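Pasted below: coords.pdb, PDB, C-alpha atoms, pLDDT in the B column.
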ATOM      1  CA  MET V 119     -10.886  -4.292  11.946  1.00 73.00           C
ATOM      2  CA  ASN V 120      -8.431  -5.296   9.227  1.00 79.00           C
ATOM      3  CA  LEU V 121      -9.018  -1.970   7.447  1.00 87.00           C
ATOM      4  CA  ILE V 122      -8.134  -0.017  10.597  1.00 90.00           C
ATOM      5  CA  LEU V 123      -4.977  -2.095  11.061  1.00 89.00           C
ATOM      6  CA  HIS V 124      -3.956  -1.426   7.459  1.00 91.00           C
ATOM      7  CA  LEU V 125      -4.641   2.278   7.811  1.00 94.00           C
ATOM      8  CA  LEU V 126      -2.668   2.670  11.048  1.00 95.00           C
ATOM      9  CA  LEU V 127       0.239   0.515   9.916  1.00 94.00           C
ATOM     10  CA  ASP V 128       0.460   2.341   6.579  1.00 95.00           C
ATOM     11  CA  ALA V 129       0.481   5.642   8.470  1.00 96.00           C
ATOM     12  CA  ALA V 130       3.196   4.334  10.801  1.00 96.00           C
ATOM     13  CA  VAL V 131       5.299   3.176   7.840  1.00 96.00           C
ATOM     14  CA  ILE V 132       4.943   6.545   6.095  1.00 96.00           C
ATOM     15  CA  PHE V 133       5.729   8.459   9.289  1.00 97.00           C
ATOM     16  CA  GLY V 134       8.665   6.172  10.141  1.00 96.00           C
ATOM     17  CA  LEU V 135      10.205   6.513   6.695  1.00 96.00           C
ATOM     18  CA  ALA V 136       9.756  10.275   6.897  1.00 96.00           C
ATOM     19  CA  TYR V 137      11.740  10.199  10.135  1.00 95.00           C
ATOM     20  CA  LEU V 138      14.505   8.076   8.588  1.00 96.00           C
ATOM     21  CA  MET V 139      14.789   9.663   5.133  1.00 95.00           C
ATOM     22  CA  PRO V 140      15.485  13.339   4.485  1.00 95.00           C
ATOM     23  CA  GLN V 141      13.726  13.143   1.074  1.00 96.00           C
ATOM     24  CA  ILE V 142      10.359  12.534   2.774  1.00 96.00           C
ATOM     25  CA  ASP V 143       8.685  15.128   4.968  1.00 96.00           C
ATOM     26  CA  VAL V 144       5.469  14.542   6.925  1.00 97.00           C
ATOM     27  CA  LYS V 145       4.245  17.220   9.312  1.00 95.00           C
ATOM     28  CA  ASN V 146       2.848  14.878  12.030  1.00 95.00           C
ATOM     29  CA  PHE V 147       1.247  11.471  12.564  1.00 96.00           C
ATOM     30  CA  GLY V 148      -2.232  12.857  11.873  1.00 96.00           C
ATOM     31  CA  THR V 149      -1.013  13.901   8.446  1.00 96.00           C
ATOM     32  CA  ALA V 150       0.395  10.395   7.943  1.00 97.00           C
ATOM     33  CA  VAL V 151      -3.021   8.910   8.786  1.00 97.00           C
ATOM     34  CA  LEU V 152      -4.647  11.278   6.298  1.00 97.00           C
ATOM     35  CA  ILE V 153      -2.080  10.292   3.652  1.00 97.00           C
ATOM     36  CA  ALA V 154      -2.748   6.600   4.292  1.00 96.00           C
ATOM     37  CA  LEU V 155      -6.508   7.187   4.043  1.00 96.00           C
ATOM     38  CA  VAL V 156      -6.227   9.160   0.792  1.00 97.00           C
ATOM     39  CA  LEU V 157      -3.801   6.579  -0.603  1.00 96.00           C
ATOM     40  CA  GLY V 158      -6.251   3.790   0.172  1.00 94.00           C
ATOM     41  CA  LEU V 159      -9.133   5.671  -1.411  1.00 96.00           C
ATOM     42  CA  LEU V 160      -7.110   6.538  -4.522  1.00 96.00           C
ATOM     43  CA  ASN V 161      -5.928   2.935  -4.840  1.00 93.00           C
ATOM     44  CA  PHE V 162      -9.520   1.748  -4.588  1.00 93.00           C
ATOM     45  CA  PHE V 163     -11.143   4.249  -6.932  1.00 95.00           C
ATOM     46  CA  VAL V 164      -8.374   5.187  -9.394  1.00 94.00           C
ATOM     47  CA  GLY V 165      -5.608   2.626  -8.953  1.00 92.00           C
ATOM     48  CA  TRP V 166      -7.382  -0.198 -10.728  1.00 90.00           C
ATOM     49  CA  VAL V 167      -8.019   2.039 -13.747  1.00 93.00           C
ATOM     50  CA  ILE V 168      -4.276   2.580 -14.056  1.00 93.00           C
ATOM     51  CA  ARG V 169      -3.243  -0.968 -13.085  1.00 93.00           C
ATOM     52  CA  PHE V 170      -5.548  -2.896 -15.429  1.00 93.00           C
ATOM     53  CA  PRO V 171      -4.104  -1.679 -18.766  1.00 93.00           C
ATOM     54  CA  LEU V 172      -0.555  -2.043 -17.457  1.00 92.00           C
ATOM     55  CA  ASN V 173      -1.309  -5.581 -16.315  1.00 91.00           C
ATOM     56  CA  LEU V 174      -2.773  -6.371 -19.733  1.00 92.00           C
ATOM     57  CA  ILE V 175       0.417  -5.163 -21.395  1.00 92.00           C
ATOM     58  CA  THR V 176       2.544  -7.369 -19.118  1.00 89.00           C
ATOM     59  CA  PHE V 177       0.120 -10.314 -19.444  1.00 89.00           C
ATOM     60  CA  PHE V 178      -0.486 -10.155 -15.661  1.00 87.00           C
ATOM     61  CA  LEU V 179       3.038 -11.468 -15.035  1.00 91.00           C
ATOM     62  CA  LEU V 180       4.253  -8.321 -13.251  1.00 92.00           C
ATOM     63  CA  THR V 181       1.177  -7.577 -11.150  1.00 91.00           C
ATOM     64  CA  GLY V 182       3.115  -6.886  -7.945  1.00 92.00           C
ATOM     65  CA  ILE V 183       5.579  -4.555  -9.617  1.00 94.00           C
ATOM     66  CA  VAL V 184       2.781  -2.709 -11.423  1.00 94.00           C
ATOM     67  CA  ARG V 185       0.894  -2.325  -8.125  1.00 94.00           C
ATOM     68  CA  ILE V 186       3.978  -0.875  -6.403  1.00 96.00           C
ATOM     69  CA  LEU V 187       4.687   1.564  -9.248  1.00 96.00           C
ATOM     70  CA  VAL V 188       1.067   2.731  -9.371  1.00 96.00           C
ATOM     71  CA  THR V 189       1.117   3.246  -5.596  1.00 96.00           C
ATOM     72  CA  ALA V 190       4.296   5.314  -5.981  1.00 97.00           C
ATOM     73  CA  VAL V 191       2.626   7.452  -8.662  1.00 96.00           C
ATOM     74  CA  LEU V 192      -0.405   7.936  -6.403  1.00 97.00           C
ATOM     75  CA  LEU V 193       1.915   9.000  -3.568  1.00 97.00           C
ATOM     76  CA  LYS V 194       3.480  11.611  -5.850  1.00 97.00           C
ATOM     77  CA  ILE V 195      -0.020  12.842  -6.744  1.00 96.00           C
ATOM     78  CA  ILE V 196      -0.852  13.127  -3.036  1.00 97.00           C
ATOM     79  CA  ASP V 197       2.443  15.005  -2.589  1.00 96.00           C
ATOM     80  CA  LYS V 198       1.353  17.584  -5.171  1.00 96.00           C
ATOM     81  CA  PHE V 199      -1.968  18.260  -3.429  1.00 95.00           C
ATOM     82  CA  MET V 200      -0.859  18.311   0.236  1.00 95.00           C
ATOM     83  CA  ASP V 201       1.401  21.023   1.633  1.00 94.00           C
ATOM     84  CA  SER V 202       2.223  19.040   4.776  1.00 95.00           C
ATOM     85  CA  PHE V 203       3.587  16.045   2.806  1.00 96.00           C
ATOM     86  CA  THR V 204       6.641  16.211   0.552  1.00 96.00           C
ATOM     87  CA  ILE V 205       8.523  13.552  -1.373  1.00 96.00           C
ATOM     88  CA  VAL V 206      11.654  14.685  -3.214  1.00 96.00           C
ATOM     89  CA  GLY V 207      12.108  12.366  -6.182  1.00 95.00           C
ATOM     90  CA  PHE V 208      10.374   9.235  -7.425  1.00 96.00           C
ATOM     91  CA  TRP V 209      12.560   6.589  -5.737  1.00 96.00           C
ATOM     92  CA  PRO V 210      11.550   7.544  -2.188  1.00 97.00           C
ATOM     93  CA  ALA V 211       7.921   7.142  -3.310  1.00 97.00           C
ATOM     94  CA  VAL V 212       8.776   3.674  -4.628  1.00 97.00           C
ATOM     95  CA  LEU V 213      10.424   2.846  -1.296  1.00 97.00           C
ATOM     96  CA  ILE V 214       7.287   3.929   0.588  1.00 97.00           C
ATOM     97  CA  ALA V 215       5.159   1.847  -1.789  1.00 97.00           C
ATOM     98  CA  VAL V 216       7.337  -1.240  -1.213  1.00 97.00           C
ATOM     99  CA  ALA V 217       7.250  -0.735   2.569  1.00 96.00           C
ATOM    100  CA  VAL V 218       3.458  -0.278   2.542  1.00 96.00           C
ATOM    101  CA  ALA V 219       3.085  -3.432   0.424  1.00 94.00           C
ATOM    102  CA  ILE V 220       5.261  -5.456   2.804  1.00 95.00           C
ATOM    103  CA  ALA V 221       3.394  -4.119   5.830  1.00 92.00           C
ATOM    104  CA  GLY V 222       0.067  -4.998   4.188  1.00 90.00           C
ATOM    105  CA  LEU V 223       1.337  -8.477   3.404  1.00 89.00           C
ATOM    106  CA  LEU V 224       2.369  -8.988   7.030  1.00 88.00           C
ATOM    107  CA  ILE V 225      -1.060  -7.908   8.275  1.00 85.00           C
ATOM    108  CA  ASP V 226      -2.839 -10.139   5.772  1.00 81.00           C
ATOM    109  CA  ARG V 227      -0.712 -13.127   6.761  1.00 80.00           C
ATOM    110  CA  SER V 228      -1.005 -12.599  10.516  1.00 80.00           C
ATOM    111  CA  ALA V 229      -4.700 -11.638  10.715  1.00 73.00           C
ATOM    112  CA  PRO V 230      -6.462 -13.078   7.663  1.00 71.00           C
ATOM    113  CA  THR V 231     -10.141 -12.514   7.049  1.00 71.00           C
ATOM    114  CA  PRO V 232     -12.383 -15.570   6.591  1.00 77.00           C
ATOM    115  CA  GLU V 233     -12.691 -14.734   2.886  1.00 76.00           C
ATOM    116  CA  MET V 234      -8.913 -14.895   2.492  1.00 69.00           C
ATOM    117  CA  VAL V 235      -8.800 -18.307   4.152  1.00 73.00           C
ATOM    118  CA  GLU V 236     -11.698 -19.649   2.060  1.00 79.00           C
ATOM    119  CA  SER V 237     -10.093 -18.470  -1.186  1.00 77.00           C
ATOM    120  CA  GLY V 238      -6.817 -20.189  -0.318  1.00 72.00           C
ATOM    121  CA  TYR V 239      -4.851 -16.919  -0.184  1.00 68.00           C
ATOM    122  CA  VAL V 240      -3.629 -17.820   3.297  1.00 64.00           C
ATOM    123  CA  VAL V 241      -3.756 -20.995   5.308  1.00 63.00           C
ATOM    124  CA  SER V 242      -5.470 -20.675   8.652  1.00 53.00           C
ATOM    125  CA  LEU V 243      -3.774 -21.845  11.817  1.00 50.00           C
ATOM    126  CA  LEU V 244      -6.293 -24.646  12.301  1.00 51.00           C
ATOM    127  CA  SER V 245      -5.830 -26.081   8.820  1.00 55.00           C
ATOM    128  CA  SER V 246      -2.049 -25.898   9.144  1.00 52.00           C
ATOM    129  CA  LEU V 247      -2.255 -27.785  12.444  1.00 50.00           C
ATOM    130  CA  ARG V 248      -4.376 -30.469  10.774  1.00 53.00           C
ATOM    131  CA  LEU V 249      -1.733 -30.889   8.078  1.00 51.00           C
ATOM    132  CA  ALA V 250       1.021 -31.534  10.628  1.00 49.00           C
TER
END

Any chance you could put this one into structure tokens?
Amino acid sequence: MNLILHLLLDAAVIFGLAYLMPQIDVKNFGTAVLIALVLGLLNFFVGWVIRFPLNLITFFLLTGIVRILVTAVLLKIIDKFMDSFTIVGFWPAVLIAVAVAIAGLLIDRSAPTPEMVESGYVVSLLSSLRLA
């Protein structure tokens, strides 16, 4: 369920930014869903290969920034392969990457999986009520 929420919210963010910014062009919402799906797959299969050496260079201190920049590069790669998706310049891709990261953070904080709660990434509502 969390994967579907991420996919739809990422598509909505991409489509919304395309509506607001003239540098970004997305044909329709179906294309935005396809972009979000391809972005997720590329982040899963290729993103870690790019992120790991960069994180080693920065001693894992800039993990969030590296993740955003790699996502922006992946968006530009998707732009090159899809005719119905265009990003003019690198900074709009960075803006999309930041917006997607913030949207993902909001989903993870509002609807955490049990694994996230067990690892301590987020505090569940029940444990926060016990603390009060």

Can you write out as CSV which residues of stretch 133-194 of chain V fall within 10 Å of stretch 200-212 of chain V, alongside each residue's closest atom pair and its distance in Å to one decimal, counting all atoms listed in the file and ordering rows by chain and ascending residue number?
residue,atom,partner,partner_atom,distance
V:Leu135,CA,V:Pro210,CA,9.0
V:Ala136,CA,V:Ile205,CA,9.0
V:Met139,CA,V:Pro210,CA,8.3
V:Pro140,CA,V:Val206,CA,8.7
V:Gln141,CA,V:Val206,CA,5.0
V:Ile142,CA,V:Ile205,CA,4.6
V:Asp143,CA,V:Thr204,CA,5.0
V:Val144,CA,V:Phe203,CA,4.8
V:Lys145,CA,V:Ser202,CA,5.3
V:Asn146,CA,V:Ser202,CA,8.4
V:Thr149,CA,V:Ser202,CA,7.1
V:Ala150,CA,V:Phe203,CA,8.3
V:Ile153,CA,V:Phe203,CA,8.1
V:Ile186,CA,V:Val212,CA,6.8
V:Leu187,CA,V:Val212,CA,6.5
V:Val188,CA,V:Val212,CA,9.1
V:Thr189,CA,V:Val212,CA,7.7
V:Ala190,CA,V:Ala211,CA,4.9
V:Val191,CA,V:Ala211,CA,7.5
V:Leu192,CA,V:Ala211,CA,8.9
V:Leu193,CA,V:Ala211,CA,6.3
V:Lys194,CA,V:Ala211,CA,6.8

Exercise for the section: Find the residues near V:Leu223: any atom within 12 Å, counting all atoms listed in the file, skip ones fewer than 4 places away on the same chain, and give them as a PyMOL selection string. Expected result: chain V and resi 120+123-124+127-128+182+216-219+227-230+239-240

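Comparing V:Ala221, V:Ile122, V:Ala129, V:Val167 by their smallest distance to V:Gly148, the closest is V:Ala129 (using all atoms listed in the file).
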
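If only C-alpha atoms are the atoms counted, then among V:Ile195, V:Ile220, V:Ala130, V:Ala215 the closest residue to V:Val164 is V:Ile195.
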
Handout entry: Two-atom distance - atom CA of V:Leu213, atom CA of V:Ile196 (Å)
Key = 15.4 Å

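Of note, atom CA of V:Val184 and atom CA of V:Leu138 are spaced 25.6 Å apart.
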
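Between V:Gly158 and the residues V:Leu126, V:Asp226, V:Met119, V:Thr231, the shortest atom-to-atom distance, using all atoms listed in the file, involves V:Leu126.
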
Report, as AutoDock Vina command-line options, the axis-aligned box around all atoms of stretch 179-191 of chain V present in the file, extended by 5 Å on each side; give centre and edge lengths in Å to one decimal place.
--center_x 3.2 --center_y -2.0 --center_z -10.3 --size_x 14.7 --size_y 28.9 --size_z 19.4

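The space separating atom CA of V:Gly222 from atom CA of V:Glu236 comes to 18.9 Å.
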
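Among the candidate residues V:Ile214, V:Phe177, V:Leu152, V:Arg169, the one lying nearest to V:Ile132 is V:Ile214, with distances computed using all atoms listed in the file.
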
Nearby residues (all atoms listed in the file) at most 10 Å from V:Leu172, same-chain spacing under 6 positions excluded, as a tab-separated table (two decimals) with C-alpha atoms, in the coordinates of the input:
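Result written to part.tsv:
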chain	number	residue	atom	x	y	z
V	166	TRP	CA	-7.38	-0.20	-10.73
V	178	PHE	CA	-0.49	-10.15	-15.66
V	180	LEU	CA	4.25	-8.32	-13.25
V	181	THR	CA	1.18	-7.58	-11.15
V	184	VAL	CA	2.78	-2.71	-11.42
V	185	ARG	CA	0.89	-2.33	-8.12
V	188	VAL	CA	1.07	2.73	-9.37

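For the choices V:Leu224, V:Pro232, V:Leu125, V:Ser237, the atom-to-atom distance to V:Leu155 is smallest for V:Leu125 when using only C-alpha atoms.
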
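Residue nearest V:Phe199, chosen from V:Leu179, V:Val156, V:Ile225, V:Pro171 and counting only C-alpha atoms: V:Val156.
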
Would you fill the gaps in stretch 152-169 of chain V so it has N, CA and C atoms, then print it as a compact mmCIF listing (two decimals), in the coordinates of the input?
# COMPACT_ATOMS: atom_id res chain seq x y z
N LEU V 152 -3.90 10.71 7.42
CA LEU V 152 -4.65 11.28 6.30
C LEU V 152 -4.05 10.82 4.96
N ILE V 153 -2.74 10.77 4.87
CA ILE V 153 -2.08 10.29 3.65
C ILE V 153 -2.44 8.84 3.39
N ALA V 154 -2.40 8.01 4.44
CA ALA V 154 -2.75 6.60 4.29
C ALA V 154 -4.21 6.43 3.87
N LEU V 155 -5.09 7.25 4.41
CA LEU V 155 -6.51 7.19 4.04
C LEU V 155 -6.71 7.60 2.59
N VAL V 156 -6.10 8.70 2.18
CA VAL V 156 -6.23 9.16 0.79
C VAL V 156 -5.59 8.16 -0.16
N LEU V 157 -4.46 7.58 0.23
CA LEU V 157 -3.80 6.58 -0.60
C LEU V 157 -4.70 5.36 -0.79
N GLY V 158 -5.33 4.92 0.28
CA GLY V 158 -6.25 3.79 0.17
C GLY V 158 -7.43 4.09 -0.72
N LEU V 159 -8.00 5.29 -0.57
CA LEU V 159 -9.13 5.67 -1.41
C LEU V 159 -8.73 5.80 -2.88
N LEU V 160 -7.58 6.41 -3.13
CA LEU V 160 -7.11 6.54 -4.52
C LEU V 160 -6.81 5.17 -5.13
N ASN V 161 -6.20 4.28 -4.34
CA ASN V 161 -5.93 2.94 -4.84
C ASN V 161 -7.22 2.21 -5.17
N PHE V 162 -8.25 2.42 -4.37
CA PHE V 162 -9.52 1.75 -4.59
C PHE V 162 -10.27 2.31 -5.79
N PHE V 163 -10.33 3.64 -5.90
CA PHE V 163 -11.14 4.25 -6.93
C PHE V 163 -10.40 4.50 -8.24
N VAL V 164 -9.12 4.81 -8.20
CA VAL V 164 -8.37 5.19 -9.39
C VAL V 164 -7.30 4.16 -9.74
N GLY V 165 -6.74 3.52 -8.73
CA GLY V 165 -5.61 2.63 -8.95
C GLY V 165 -5.89 1.50 -9.92
N TRP V 166 -7.07 0.92 -9.83
CA TRP V 166 -7.38 -0.20 -10.73
C TRP V 166 -7.50 0.26 -12.17
N VAL V 167 -7.92 1.51 -12.38
CA VAL V 167 -8.02 2.04 -13.75
C VAL V 167 -6.63 2.14 -14.37
N ILE V 168 -5.65 2.48 -13.56
CA ILE V 168 -4.28 2.58 -14.06
C ILE V 168 -3.63 1.20 -14.14
N ARG V 169 -3.89 0.35 -13.14
CA ARG V 169 -3.24 -0.97 -13.08
C ARG V 169 -3.72 -1.92 -14.18
